[in-house]
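K.L.:
Below is the file run_34.pdb, which contains PDB, C-alpha atoms, pLDDT in the B column.
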```pdb
MODEL        1
ATOM      1  CA  MET A 150      67.638 147.900  93.595  1.00 89.00           C
ATOM      2  CA  LYS A 151      67.393 145.698  96.683  1.00 93.00           C
ATOM      3  CA  LYS A 152      67.488 148.554  99.218  1.00 94.00           C
ATOM      4  CA  GLN A 153      64.740 150.496  97.444  1.00 94.00           C
ATOM      5  CA  ILE A 154      62.568 147.386  97.044  1.00 96.00           C
ATOM      6  CA  VAL A 155      62.901 146.319 100.686  1.00 96.00           C
ATOM      7  CA  ALA A 156      62.185 149.905 101.827  1.00 96.00           C
ATOM      8  CA  LEU A 157      58.771 149.601 100.156  1.00 96.00           C
ATOM      9  CA  GLY A 158      57.917 146.645 102.390  1.00 96.00           C
ATOM     10  CA  TYR A 159      58.736 143.743 100.099  1.00 97.00           C
ATOM     11  CA  GLN A 160      60.687 140.737 101.372  1.00 96.00           C
ATOM     12  CA  LEU A 161      63.213 139.250  98.955  1.00 96.00           C
ATOM     13  CA  ARG A 162      64.784 135.800  99.062  1.00 95.00           C
ATOM     14  CA  ILE A 163      68.140 135.314 100.774  1.00 91.00           C
ATOM     15  CA  MET A 164      70.330 133.803  98.087  1.00 90.00           C
ATOM     16  CA  GLN A 165      73.237 131.398  98.239  1.00 89.00           C
ATOM     17  CA  PRO A 166      75.837 131.342  95.474  1.00 89.00           C
ATOM     18  CA  SER A 167      75.249 128.729  92.786  1.00 94.00           C
ATOM     19  CA  ILE A 168      77.888 126.066  92.286  1.00 97.00           C
ATOM     20  CA  GLY A 169      78.474 127.290  88.734  1.00 96.00           C
ATOM     21  CA  ALA A 170      79.268 130.790  89.940  1.00 95.00           C
ATOM     22  CA  ALA A 171      81.497 129.476  92.747  1.00 97.00           C
ATOM     23  CA  VAL A 172      83.489 127.243  90.395  1.00 98.00           C
ATOM     24  CA  GLY A 173      83.762 130.146  87.968  1.00 97.00           C
ATOM     25  CA  THR A 174      85.112 132.450  90.669  1.00 97.00           C
ATOM     26  CA  GLY A 175      87.840 129.965  91.522  1.00 98.00           C
ATOM     27  CA  VAL A 176      88.809 129.464  87.889  1.00 98.00           C
ATOM     28  CA  HIS A 177      88.818 133.231  87.234  1.00 97.00           C
ATOM     29  CA  ALA A 178      91.164 133.791  90.186  1.00 97.00           C
ATOM     30  CA  SER A 179      93.560 131.188  88.812  1.00 97.00           C
ATOM     31  CA  ALA A 180      93.332 132.586  85.272  1.00 97.00           C
ATOM     32  CA  ALA A 181      94.071 136.117  86.475  1.00 97.00           C
ATOM     33  CA  TYR A 182      97.087 134.919  88.445  1.00 97.00           C
ATOM     34  CA  GLN A 183      98.432 132.974  85.485  1.00 97.00           C
ATOM     35  CA  ALA A 184      98.048 135.952  83.133  1.00 97.00           C
ATOM     36  CA  ARG A 185      99.717 138.330  85.610  1.00 97.00           C
ATOM     37  CA  GLU A 186     102.629 135.959  85.980  1.00 97.00           C
ATOM     38  CA  LYS A 187     103.044 135.800  82.209  1.00 97.00           C
ATOM     39  CA  LEU A 188     102.854 139.605  82.011  1.00 96.00           C
ATOM     40  CA  ALA A 189     105.621 139.810  84.632  1.00 95.00           C
ATOM     41  CA  GLY A 190     107.733 137.231  82.790  1.00 95.00           C
ATOM     42  CA  HIS A 191     107.336 134.585  85.487  1.00 95.00           C
ATOM     43  CA  ASP A 192     106.306 130.943  85.441  1.00 91.00           C
ATOM     44  CA  PRO A 193     103.010 130.500  87.345  1.00 89.00           C
ATOM     45  CA  ARG A 194     103.028 127.965  90.166  1.00 89.00           C
ATOM     46  CA  ASP A 195     100.273 126.411  92.300  1.00 93.00           C
ATOM     47  CA  TRP A 196      97.574 127.844  90.029  1.00 94.00           C
ATOM     48  CA  ALA A 197      95.201 124.948  90.763  1.00 94.00           C
ATOM     49  CA  ASP A 198      95.615 125.328  94.529  1.00 95.00           C
ATOM     50  CA  LEU A 199      94.818 129.050  94.264  1.00 96.00           C
ATOM     51  CA  ALA A 200      91.617 128.257  92.351  1.00 97.00           C
ATOM     52  CA  ILE A 201      90.459 125.716  94.936  1.00 97.00           C
ATOM     53  CA  GLU A 202      91.238 127.994  97.894  1.00 97.00           C
ATOM     54  CA  THR A 203      89.263 130.806  96.238  1.00 97.00           C
ATOM     55  CA  TYR A 204      86.370 128.404  95.678  1.00 98.00           C
ATOM     56  CA  LYS A 205      86.392 127.349  99.344  1.00 98.00           C
ATOM     57  CA  LYS A 206      86.126 130.969 100.467  1.00 97.00           C
ATOM     58  CA  GLU A 207      83.288 131.551  98.014  1.00 96.00           C
ATOM     59  CA  ILE A 208      81.183 128.711  99.479  1.00 97.00           C
ATOM     60  CA  ALA A 209      82.003 129.358 103.140  1.00 95.00           C
ATOM     61  CA  ASP A 210      78.367 130.322 103.842  1.00 93.00           C
ATOM     62  CA  GLY A 211      76.818 127.642 101.650  1.00 94.00           C
ATOM     63  CA  VAL A 212      76.323 126.839  97.976  1.00 96.00           C
ATOM     64  CA  LEU A 213      73.616 125.418  95.708  1.00 94.00           C
ATOM     65  CA  PHE A 214      74.888 122.296  93.957  1.00 96.00           C
ATOM     66  CA  ASP A 215      73.437 121.011  90.682  1.00 95.00           C
ATOM     67  CA  THR A 216      73.493 117.795  88.638  1.00 96.00           C
ATOM     68  CA  THR A 217      76.714 118.775  86.843  1.00 97.00           C
ATOM     69  CA  THR A 218      78.523 119.492  90.112  1.00 98.00           C
ATOM     70  CA  PRO A 219      76.710 117.584  92.891  1.00 98.00           C
ATOM     71  CA  THR A 220      79.535 117.574  95.481  1.00 98.00           C
ATOM     72  CA  ASN A 221      82.616 119.476  96.559  1.00 97.00           C
ATOM     73  CA  ASN A 222      84.840 116.681  95.264  1.00 98.00           C
ATOM     74  CA  ASP A 223      83.279 117.115  91.820  1.00 98.00           C
ATOM     75  CA  ALA A 224      83.902 120.861  92.072  1.00 98.00           C
ATOM     76  CA  PHE A 225      87.562 120.334  93.001  1.00 98.00           C
ATOM     77  CA  ARG A 226      88.158 118.088  90.003  1.00 98.00           C
ATOM     78  CA  GLN A 227      86.355 120.452  87.632  1.00 98.00           C
ATOM     79  CA  ILE A 228      88.332 123.435  88.934  1.00 98.00           C
ATOM     80  CA  GLN A 229      91.603 121.577  88.403  1.00 98.00           C
ATOM     81  CA  THR A 230      90.562 120.662  84.859  1.00 98.00           C
ATOM     82  CA  LEU A 231      89.455 124.178  83.946  1.00 98.00           C
ATOM     83  CA  SER A 232      92.509 125.821  85.505  1.00 97.00           C
ATOM     84  CA  ALA A 233      94.723 123.450  83.542  1.00 97.00           C
ATOM     85  CA  SER A 234      92.794 124.374  80.402  1.00 98.00           C
ATOM     86  CA  VAL A 235      93.658 128.026  81.066  1.00 98.00           C
ATOM     87  CA  GLN A 236      97.309 127.159  81.621  1.00 97.00           C
ATOM     88  CA  TYR A 237      97.782 125.001  78.536  1.00 97.00           C
ATOM     89  CA  GLU A 238      95.191 126.283  76.058  1.00 98.00           C
ATOM     90  CA  ILE A 239      94.836 130.024  76.757  1.00 97.00           C
ATOM     91  CA  ILE A 240      97.950 131.423  78.424  1.00 97.00           C
ATOM     92  CA  PRO A 241     100.401 130.347  75.679  1.00 96.00           C
ATOM     93  CA  ALA A 242      98.204 132.076  73.066  1.00 96.00           C
ATOM     94  CA  VAL A 243      97.596 135.456  74.726  1.00 97.00           C
ATOM     95  CA  THR A 244      99.664 138.617  75.142  1.00 97.00           C
ATOM     96  CA  PRO A 245      98.472 140.309  78.345  1.00 97.00           C
ATOM     97  CA  VAL A 246      98.447 144.096  78.587  1.00 95.00           C
ATOM     98  CA  SER A 247      96.249 144.369  81.673  1.00 94.00           C
ATOM     99  CA  VAL A 248      94.626 141.702  83.836  1.00 96.00           C
ATOM    100  CA  GLU A 249      91.401 142.347  85.771  1.00 93.00           C
ATOM    101  CA  PRO A 250      92.224 146.048  86.213  1.00 89.00           C
ATOM    102  CA  GLU A 251      90.691 148.154  88.960  1.00 86.00           C
ATOM    103  CA  SER A 252      86.985 148.617  88.285  1.00 88.00           C
ATOM    104  CA  MET A 253      86.465 151.270  85.638  1.00 91.00           C
ATOM    105  CA  SER A 254      83.474 153.586  85.631  1.00 94.00           C
ATOM    106  CA  ALA A 255      81.788 156.134  83.407  1.00 94.00           C
ATOM    107  CA  VAL A 256      78.607 158.192  83.763  1.00 92.00           C
ATOM    108  CA  TRP A 257      75.989 157.144  81.233  1.00 82.00           C
ATOM    109  CA  ASN A 258      72.736 159.089  81.091  1.00 82.00           C
ATOM    110  CA  GLU A 259      72.821 159.915  84.839  1.00 82.00           C
ATOM    111  CA  VAL A 260      73.805 156.335  85.738  1.00 85.00           C
ATOM    112  CA  GLU A 261      77.290 155.083  86.550  1.00 90.00           C
ATOM    113  CA  LEU A 262      78.441 152.090  84.506  1.00 92.00           C
ATOM    114  CA  CYS A 263      81.164 150.076  86.256  1.00 93.00           C
ATOM    115  CA  GLY A 264      83.078 147.002  85.196  1.00 92.00           C
ATOM    116  CA  ARG A 265      86.388 145.316  84.547  1.00 92.00           C
ATOM    117  CA  TRP A 266      87.426 142.821  81.923  1.00 95.00           C
ATOM    118  CA  ASP A 267      89.299 139.598  82.531  1.00 97.00           C
ATOM    119  CA  LEU A 268      92.178 140.255  80.136  1.00 97.00           C
ATOM    120  CA  GLU A 269      93.260 143.018  77.773  1.00 96.00           C
ATOM    121  CA  GLU A 270      95.535 142.284  74.827  1.00 96.00           C
ATOM    122  CA  PRO A 271      97.060 144.774  72.358  1.00 96.00           C
ATOM    123  CA  ASP A 272      94.256 144.168  69.858  1.00 94.00           C
ATOM    124  CA  GLY A 273      91.269 143.353  72.036  1.00 96.00           C
ATOM    125  CA  ILE A 274      89.487 142.372  75.235  1.00 97.00           C
ATOM    126  CA  ASP A 275      89.057 138.792  76.459  1.00 98.00           C
ATOM    127  CA  ASP A 276      86.482 137.294  78.811  1.00 97.00           C
ATOM    128  CA  TYR A 277      86.426 133.823  80.399  1.00 97.00           C
ATOM    129  CA  LYS A 278      83.179 131.859  80.667  1.00 98.00           C
ATOM    130  CA  SER A 279      82.941 128.582  82.582  1.00 97.00           C
ATOM    131  CA  GLY A 280      79.210 127.897  82.368  1.00 94.00           C
ATOM    132  CA  LYS A 281      77.849 124.541  81.241  1.00 94.00           C
ATOM    133  CA  THR A 282      76.402 126.283  78.198  1.00 93.00           C
ATOM    134  CA  LEU A 283      77.728 129.437  76.588  1.00 95.00           C
ATOM    135  CA  ARG A 284      75.165 132.259  76.560  1.00 92.00           C
ATOM    136  CA  PRO A 285      75.431 135.309  74.271  1.00 94.00           C
ATOM    137  CA  ALA A 286      77.681 137.980  75.801  1.00 97.00           C
ATOM    138  CA  HIS A 287      77.282 140.836  73.304  1.00 98.00           C
ATOM    139  CA  ALA A 288      76.027 143.480  75.752  1.00 97.00           C
ATOM    140  CA  GLN A 289      78.629 142.644  78.413  1.00 97.00           C
ATOM    141  CA  LEU A 290      81.520 142.778  75.954  1.00 98.00           C
ATOM    142  CA  GLY A 291      80.143 145.941  74.375  1.00 97.00           C
ATOM    143  CA  GLY A 292      80.023 147.509  77.826  1.00 96.00           C
ATOM    144  CA  TYR A 293      83.725 146.792  78.263  1.00 96.00           C
ATOM    145  CA  SER A 294      84.442 148.397  74.912  1.00 97.00           C
ATOM    146  CA  LEU A 295      82.447 151.520  75.810  1.00 95.00           C
ATOM    147  CA  LEU A 296      84.184 151.776  79.186  1.00 94.00           C
ATOM    148  CA  ARG A 297      87.566 151.408  77.514  1.00 93.00           C
ATOM    149  CA  ALA A 298      86.699 154.213  75.080  1.00 93.00           C
ATOM    150  CA  SER A 299      85.662 156.479  77.972  1.00 92.00           C
ATOM    151  CA  TYR A 300      89.299 156.329  79.131  1.00 91.00           C
ATOM    152  CA  GLY A 301      90.507 157.655  75.794  1.00 92.00           C
ATOM    153  CA  LYS A 302      91.592 154.330  74.343  1.00 91.00           C
ATOM    154  CA  PRO A 303      90.838 153.394  70.722  1.00 92.00           C
ATOM    155  CA  ARG A 304      88.116 150.892  69.894  1.00 92.00           C
ATOM    156  CA  PRO A 305      89.432 147.303  70.234  1.00 95.00           C
ATOM    157  CA  GLU A 306      89.787 145.306  67.058  1.00 96.00           C
ATOM    158  CA  ARG A 307      87.963 142.351  68.612  1.00 97.00           C
ATOM    159  CA  LEU A 308      86.052 141.153  71.657  1.00 98.00           C
ATOM    160  CA  THR A 309      86.636 137.530  72.605  1.00 98.00           C
ATOM    161  CA  VAL A 310      85.118 134.884  74.862  1.00 98.00           C
ATOM    162  CA  PHE A 311      87.140 131.860  75.942  1.00 98.00           C
ATOM    163  CA  HIS A 312      84.580 129.224  76.929  1.00 98.00           C
ATOM    164  CA  LEU A 313      85.786 126.664  79.471  1.00 98.00           C
ATOM    165  CA  PRO A 314      82.669 124.486  79.880  1.00 98.00           C
ATOM    166  CA  ARG A 315      81.975 123.139  83.367  1.00 98.00           C
ATOM    167  CA  THR A 316      81.581 119.456  82.546  1.00 98.00           C
ATOM    168  CA  SER A 317      80.451 116.519  84.666  1.00 98.00           C
ATOM    169  CA  ILE A 318      83.404 114.447  85.829  1.00 97.00           C
ATOM    170  CA  LYS A 319      81.588 111.460  84.269  1.00 97.00           C
ATOM    171  CA  LYS A 320      82.220 112.981  80.846  1.00 98.00           C
ATOM    172  CA  THR A 321      85.351 113.916  78.919  1.00 98.00           C
ATOM    173  CA  TYR A 322      86.227 117.604  79.076  1.00 98.00           C
ATOM    174  CA  PRO A 323      85.816 118.878  75.476  1.00 97.00           C
ATOM    175  CA  GLY A 324      88.471 121.579  75.705  1.00 97.00           C
ATOM    176  CA  MET A 325      88.372 125.358  75.471  1.00 98.00           C
ATOM    177  CA  GLN A 326      86.527 127.075  72.640  1.00 98.00           C
ATOM    178  CA  ARG A 327      87.273 130.620  71.440  1.00 98.00           C
ATOM    179  CA  TYR A 328      84.575 132.939  70.082  1.00 98.00           C
ATOM    180  CA  ASP A 329      85.264 136.367  68.578  1.00 97.00           C
ATOM    181  CA  TYR A 330      82.416 138.891  68.693  1.00 98.00           C
ATOM    182  CA  PRO A 331      81.864 141.860  66.308  1.00 97.00           C
ATOM    183  CA  VAL A 332      82.788 145.036  68.171  1.00 98.00           C
ATOM    184  CA  GLU A 333      80.240 147.414  66.637  1.00 97.00           C
ATOM    185  CA  ILE A 334      77.320 145.040  67.236  1.00 98.00           C
ATOM    186  CA  CYS A 335      78.413 144.467  70.844  1.00 98.00           C
ATOM    187  CA  GLU A 336      78.583 148.214  71.461  1.00 97.00           C
ATOM    188  CA  ARG A 337      75.079 148.646  70.028  1.00 98.00           C
ATOM    189  CA  ALA A 338      73.816 145.833  72.262  1.00 98.00           C
ATOM    190  CA  ALA A 339      75.398 147.490  75.291  1.00 96.00           C
ATOM    191  CA  TYR A 340      73.922 150.875  74.363  1.00 95.00           C
ATOM    192  CA  VAL A 341      70.398 149.475  73.994  1.00 96.00           C
ATOM    193  CA  THR A 342      70.663 147.377  77.160  1.00 95.00           C
ATOM    194  CA  LEU A 343      71.919 150.304  79.243  1.00 94.00           C
ATOM    195  CA  ASN A 344      69.105 152.538  78.064  1.00 94.00           C
ATOM    196  CA  HIS A 345      66.602 149.765  78.809  1.00 94.00           C
ATOM    197  CA  ILE A 346      67.931 149.403  82.364  1.00 93.00           C
ATOM    198  CA  ILE A 347      67.949 153.159  82.926  1.00 93.00           C
ATOM    199  CA  ARG A 348      64.383 153.494  81.646  1.00 95.00           C
ATOM    200  CA  ASP A 349      63.103 150.738  83.953  1.00 95.00           C
ATOM    201  CA  ILE A 350      64.914 152.110  87.003  1.00 93.00           C
ATOM    202  CA  LYS A 351      63.560 155.616  86.412  1.00 94.00           C
ATOM    203  CA  ASN A 352      60.036 154.245  85.971  1.00 96.00           C
ATOM    204  CA  PHE A 353      60.331 152.254  89.189  1.00 96.00           C
ATOM    205  CA  LEU A 354      61.666 155.186  91.207  1.00 94.00           C
ATOM    206  CA  ALA A 355      58.821 157.369  89.898  1.00 96.00           C
ATOM    207  CA  THR A 356      56.008 154.869  90.470  1.00 97.00           C
ATOM    208  CA  ASN A 357      57.174 152.229  93.018  1.00 97.00           C
ATOM    209  CA  GLU A 358      55.550 149.758  90.607  1.00 97.00           C
ATOM    210  CA  PRO A 359      57.176 146.290  90.393  1.00 97.00           C
ATOM    211  CA  TRP A 360      55.966 145.946  86.807  1.00 97.00           C
ATOM    212  CA  ALA A 361      58.394 148.717  85.866  1.00 97.00           C
ATOM    213  CA  PHE A 362      60.717 145.717  85.478  1.00 95.00           C
ATOM    214  CA  GLN A 363      59.467 143.271  82.867  1.00 90.00           C
ATOM    215  CA  ALA A 364      59.191 139.730  84.209  1.00 90.00           C
ATOM    216  CA  ASN A 365      60.819 137.049  82.079  1.00 93.00           C
ATOM    217  CA  PRO A 366      59.486 133.658  83.253  1.00 95.00           C
ATOM    218  CA  ILE A 367      60.948 131.796  80.257  1.00 95.00           C
ATOM    219  CA  SER A 368      64.471 132.747  81.329  1.00 94.00           C
ATOM    220  CA  MET A 369      66.640 130.030  82.874  1.00 88.00           C
ATOM    221  CA  LEU A 370      67.304 132.555  85.676  1.00 91.00           C
ATOM    222  CA  CYS A 371      63.589 132.662  86.610  1.00 95.00           C
ATOM    223  CA  SER A 372      64.141 130.227  89.453  1.00 93.00           C
ATOM    224  CA  PRO A 373      64.405 130.230  93.258  1.00 92.00           C
ATOM    225  CA  ASN A 374      68.068 129.382  92.764  1.00 89.00           C
ATOM    226  CA  TYR A 375      68.893 132.535  90.819  1.00 91.00           C
ATOM    227  CA  CYS A 376      66.270 135.265  91.412  1.00 95.00           C
ATOM    228  CA  SER A 377      65.739 136.910  94.789  1.00 96.00           C
ATOM    229  CA  ALA A 378      62.244 138.074  93.716  1.00 96.00           C
ATOM    230  CA  PHE A 379      61.064 134.585  92.706  1.00 97.00           C
ATOM    231  CA  GLY A 380      57.974 133.530  94.668  1.00 97.00           C
ATOM    232  CA  THR A 381      57.694 136.855  96.515  1.00 97.00           C
ATOM    233  CA  ASP A 382      55.008 139.544  96.456  1.00 96.00           C
ATOM    234  CA  PHE A 383      57.279 141.626  94.242  1.00 97.00           C
ATOM    235  CA  CYS A 384      56.817 139.182  91.340  1.00 97.00           C
ATOM    236  CA  GLU A 385      53.124 138.482  90.661  1.00 96.00           C
ATOM    237  CA  ILE A 386      53.935 135.844  88.041  1.00 96.00           C
ATOM    238  CA  THR A 387      55.831 133.581  90.446  1.00 97.00           C
ATOM    239  CA  LYS A 388      54.178 134.700  93.707  1.00 96.00           C
ATOM    240  CA  GLY A 389      53.744 131.795  96.077  1.00 93.00           C
ATOM    241  CA  LYS A 390      55.948 129.404  94.130  1.00 94.00           C
ATOM    242  CA  LYS A 391      58.863 127.707  95.868  1.00 87.00           C
TER
ENDMDL
END
```
If you convert what's in this file into structure tokens, what do you get?

P.N.:
Amino acid sequence: MKKQIVALGYQLRIMQPSIGAAVGTGVHASAAYQAREKLAGHDPRDWADLAIETYKKEIADGVLFDTTTPTNNDAFRQIQTLSASVQYEIIPAVTPVSVEPESMSAVWNEVELCGRWDLEEPDGIDDYKSGKTLRPAHAQLGGYSLLRASYGKPRPERLTVFHLPRTSIKKTYPGMQRYDYPVEICERAAYVTLNHIIRDIKNFLATNEPWAFQANPISMLCSPNYCSAFGTDFCEITKGKK
């Protein structure tokens, strides 16, 4: 909603990518390449180099480091570790059907839902997470399932997250963890979340009232590092904070 918000005279923060997101982008690029190579019957090569080059492009205009990844050298080592985790822990165990397909879309209550999963297998959909801590992904995975159904495909038997935790180089990498999510619950979560978003957007467009979007100051994303409205006139709760 940035264009509509700025058009009303509000100024939003100019954001830089976080180091977690940048590392994740590099690892995702490597994981997609590795899965495509397996799907084609090839042996992947230089998968770590691809991840690091993708990361460098992602941070070309700057990045916000954190205590887990305080420097580029830390990021390089973490990317190599996580890409290797994909190669040796995930790729041997999966059977790719499609890998990061072209963005799919479906009209949902006058709004277009778009997305693409990381990996599709014969029995389900997989998603990679490289955050320090794994957050619940029910609505996201349910959205993939709903999009998949809109293309006439049967409901997947499972929805899976492979968690590759971004870990300080001072600590031992704990390894990948797999989590299977219940499909029906994820689809319900997606349905409720979509309707919530649609309701708030419609209220905002009808009233131009920032409070059409509920503020959530207890969220870890309520921060100048992650929210472009933080500290601005658009968010009365954080207005003036830096």

K.L.:
For A:Leu295, which of A:His191, A:Arg337, A:Arg185, A:Lys205 is the closest residue, counting all atoms listed in the file?

P.N.:
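Distance minimum relative to A:Leu295 lands on A:Arg337.
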
K.L.:
Would you write out, as a Markdown table, a table of all residues in stretch 341-368 of chain A that have an atom no more than 10 Å from an atom of stretch 255-277 of chain A, listing for each the closest atom pair and the distance in Å to one decimal, considering only C-alpha atoms and ordering rows by chain and rising residue number?

P.N.:
```
| residue | atom | partner | partner_atom | distance |
| --- | --- | --- | --- | --- |
| A:Leu343 | CA | A:Trp257 | CA | 8.2 |
| A:Asn344 | CA | A:Asn258 | CA | 8.1 |
| A:Ile346 | CA | A:Val260 | CA | 9.7 |
| A:Ile347 | CA | A:Val260 | CA | 7.2 |
| A:Ile350 | CA | A:Val260 | CA | 9.9 |
```

K.L.:
Store the residues of this selection in a file with C-alpha atoms, as an mmCIF file, in the frame of the given file.

P.N.:
```cif
data_model
loop_
_atom_site.group_PDB
_atom_site.id
_atom_site.type_symbol
_atom_site.label_atom_id
_atom_site.label_comp_id
_atom_site.auth_asym_id
_atom_site.auth_seq_id
_atom_site.Cartn_x
_atom_site.Cartn_y
_atom_site.Cartn_z
ATOM 1 C CA LEU A 343 71.919 150.304 79.243
ATOM 2 C CA ASN A 344 69.105 152.538 78.064
ATOM 3 C CA ILE A 346 67.931 149.403 82.364
ATOM 4 C CA ILE A 347 67.949 153.159 82.926
ATOM 5 C CA ILE A 350 64.914 152.110 87.003
#
```

K.L.:
Set the distance at 12 Å and use all atoms listed in the file: which residues neighbour A:Cys376 once local chain neighbours fewer than 4 positions away are removed? I'd like the list as a PDB file with C-alpha atoms, keeping the file's coordinate frame.

P.N.:
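selection12.pdb was written with the following content:
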```
ATOM      1  CA  LYS A 151      67.393 145.698  96.683  1.00 93.00           C
ATOM      2  CA  LEU A 161      63.213 139.250  98.955  1.00 96.00           C
ATOM      3  CA  ARG A 162      64.784 135.800  99.062  1.00 95.00           C
ATOM      4  CA  ILE A 163      68.140 135.314 100.774  1.00 91.00           C
ATOM      5  CA  MET A 164      70.330 133.803  98.087  1.00 90.00           C
ATOM      6  CA  GLN A 165      73.237 131.398  98.239  1.00 89.00           C
ATOM      7  CA  PRO A 166      75.837 131.342  95.474  1.00 89.00           C
ATOM      8  CA  SER A 167      75.249 128.729  92.786  1.00 94.00           C
ATOM      9  CA  ALA A 364      59.191 139.730  84.209  1.00 90.00           C
ATOM     10  CA  ASN A 365      60.819 137.049  82.079  1.00 93.00           C
ATOM     11  CA  PRO A 366      59.486 133.658  83.253  1.00 95.00           C
ATOM     12  CA  SER A 368      64.471 132.747  81.329  1.00 94.00           C
ATOM     13  CA  MET A 369      66.640 130.030  82.874  1.00 88.00           C
ATOM     14  CA  LEU A 370      67.304 132.555  85.676  1.00 91.00           C
ATOM     15  CA  CYS A 371      63.589 132.662  86.610  1.00 95.00           C
ATOM     16  CA  SER A 372      64.141 130.227  89.453  1.00 93.00           C
ATOM     17  CA  GLY A 380      57.974 133.530  94.668  1.00 97.00           C
ATOM     18  CA  THR A 381      57.694 136.855  96.515  1.00 97.00           C
ATOM     19  CA  PHE A 383      57.279 141.626  94.242  1.00 97.00           C
ATOM     20  CA  CYS A 384      56.817 139.182  91.340  1.00 97.00           C
ATOM     21  CA  THR A 387      55.831 133.581  90.446  1.00 97.00           C
ATOM     22  CA  LYS A 391      58.863 127.707  95.868  1.00 87.00           C
TER      23      LYS A 391
END
```

K.L.:
With only C-alpha atoms as the basis for distance, which of A:Leu313, A:Ala209, A:Ile318, A:Met253 is at the shortest distance from A:Arg297?

P.N.:
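Of A:Leu313, A:Ala209, A:Ile318, A:Met253, the one nearest A:Arg297 is A:Met253, counting only C-alpha atoms.
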
K.L.:
Name the residues that the PyMOL selection byres ((chain A and resi 184) around 9) picks from the file above, as a list in words, using the file's chain letters and numbers.

P.N.:
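Applied to this file, the PyMOL selection byres ((chain A and resi 184) around 9) returns Ser179, Ala180, Ala181, Tyr182, Gln183, Arg185, Glu186, Lys187, Leu188, Ala189, Pro193, Gln236, Ile240, Val243, Thr244, Pro245, Ser247, Val248 and Leu268 of chain A.
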
K.L.:
For the structure provided, state which residues fall under the PyMOL selection byres ((chain A and resi 221) around 12), and present them as JSON, numbers by chain.

P.N.:
{"A": [168, 169, 171, 172, 201, 204, 205, 208, 209, 211, 212, 213, 214, 215, 217, 218, 219, 220, 222, 223, 224, 225, 226, 227, 228, 318]}

K.L.:
Tell me which residues come within 12 Å of (59.7, 145.2, 85.3), as an MDAnalysis selection string, counting only C-alpha atoms in the file's coordinates.

P.N.:
chainID A and resid 150 345:354 356:366 378 383:386

K.L.:
Go ahead and dump the residues you just picked, C-alpha atoms, as a PDB file, keeping the file's coordinate frame.

P.N.:
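Just written: again-v4.pdb:
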```
ATOM      1  CA  MET A 150      67.638 147.900  93.595  1.00 89.00           C
ATOM      2  CA  HIS A 345      66.602 149.765  78.809  1.00 94.00           C
ATOM      3  CA  ILE A 346      67.931 149.403  82.364  1.00 93.00           C
ATOM      4  CA  ILE A 347      67.949 153.159  82.926  1.00 93.00           C
ATOM      5  CA  ARG A 348      64.383 153.494  81.646  1.00 95.00           C
ATOM      6  CA  ASP A 349      63.103 150.738  83.953  1.00 95.00           C
ATOM      7  CA  ILE A 350      64.914 152.110  87.003  1.00 93.00           C
ATOM      8  CA  LYS A 351      63.560 155.616  86.412  1.00 94.00           C
ATOM      9  CA  ASN A 352      60.036 154.245  85.971  1.00 96.00           C
ATOM     10  CA  PHE A 353      60.331 152.254  89.189  1.00 96.00           C
ATOM     11  CA  LEU A 354      61.666 155.186  91.207  1.00 94.00           C
ATOM     12  CA  THR A 356      56.008 154.869  90.470  1.00 97.00           C
ATOM     13  CA  ASN A 357      57.174 152.229  93.018  1.00 97.00           C
ATOM     14  CA  GLU A 358      55.550 149.758  90.607  1.00 97.00           C
ATOM     15  CA  PRO A 359      57.176 146.290  90.393  1.00 97.00           C
ATOM     16  CA  TRP A 360      55.966 145.946  86.807  1.00 97.00           C
ATOM     17  CA  ALA A 361      58.394 148.717  85.866  1.00 97.00           C
ATOM     18  CA  PHE A 362      60.717 145.717  85.478  1.00 95.00           C
ATOM     19  CA  GLN A 363      59.467 143.271  82.867  1.00 90.00           C
ATOM     20  CA  ALA A 364      59.191 139.730  84.209  1.00 90.00           C
ATOM     21  CA  ASN A 365      60.819 137.049  82.079  1.00 93.00           C
ATOM     22  CA  PRO A 366      59.486 133.658  83.253  1.00 95.00           C
ATOM     23  CA  ALA A 378      62.244 138.074  93.716  1.00 96.00           C
ATOM     24  CA  PHE A 383      57.279 141.626  94.242  1.00 97.00           C
ATOM     25  CA  CYS A 384      56.817 139.182  91.340  1.00 97.00           C
ATOM     26  CA  GLU A 385      53.124 138.482  90.661  1.00 96.00           C
ATOM     27  CA  ILE A 386      53.935 135.844  88.041  1.00 96.00           C
TER      28      ILE A 386
END
```

K.L.:
Tell me, in Å to one decimal, how far atom CA of A:Gly291 is from atom CA of A:His312.

P.N.:
17.5 Å

K.L.:
Using all atoms listed in the file for the distances, tell me which of A:Ser232, A:Thr174, A:Tyr328, A:Asp210 is nearest to A:Arg194.

P.N.:
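Nearest candidate to A:Arg194 out of A:Ser232, A:Thr174, A:Tyr328, A:Asp210: A:Ser232.
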
K.L.:
Grab the atom CA of A:Lys281 to atom CA of A:Arg307 distance for me, in Å with one decimal place.

P.N.:
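Straight-line distance from atom CA of A:Lys281 to atom CA of A:Arg307 works out to 24.1 Å.
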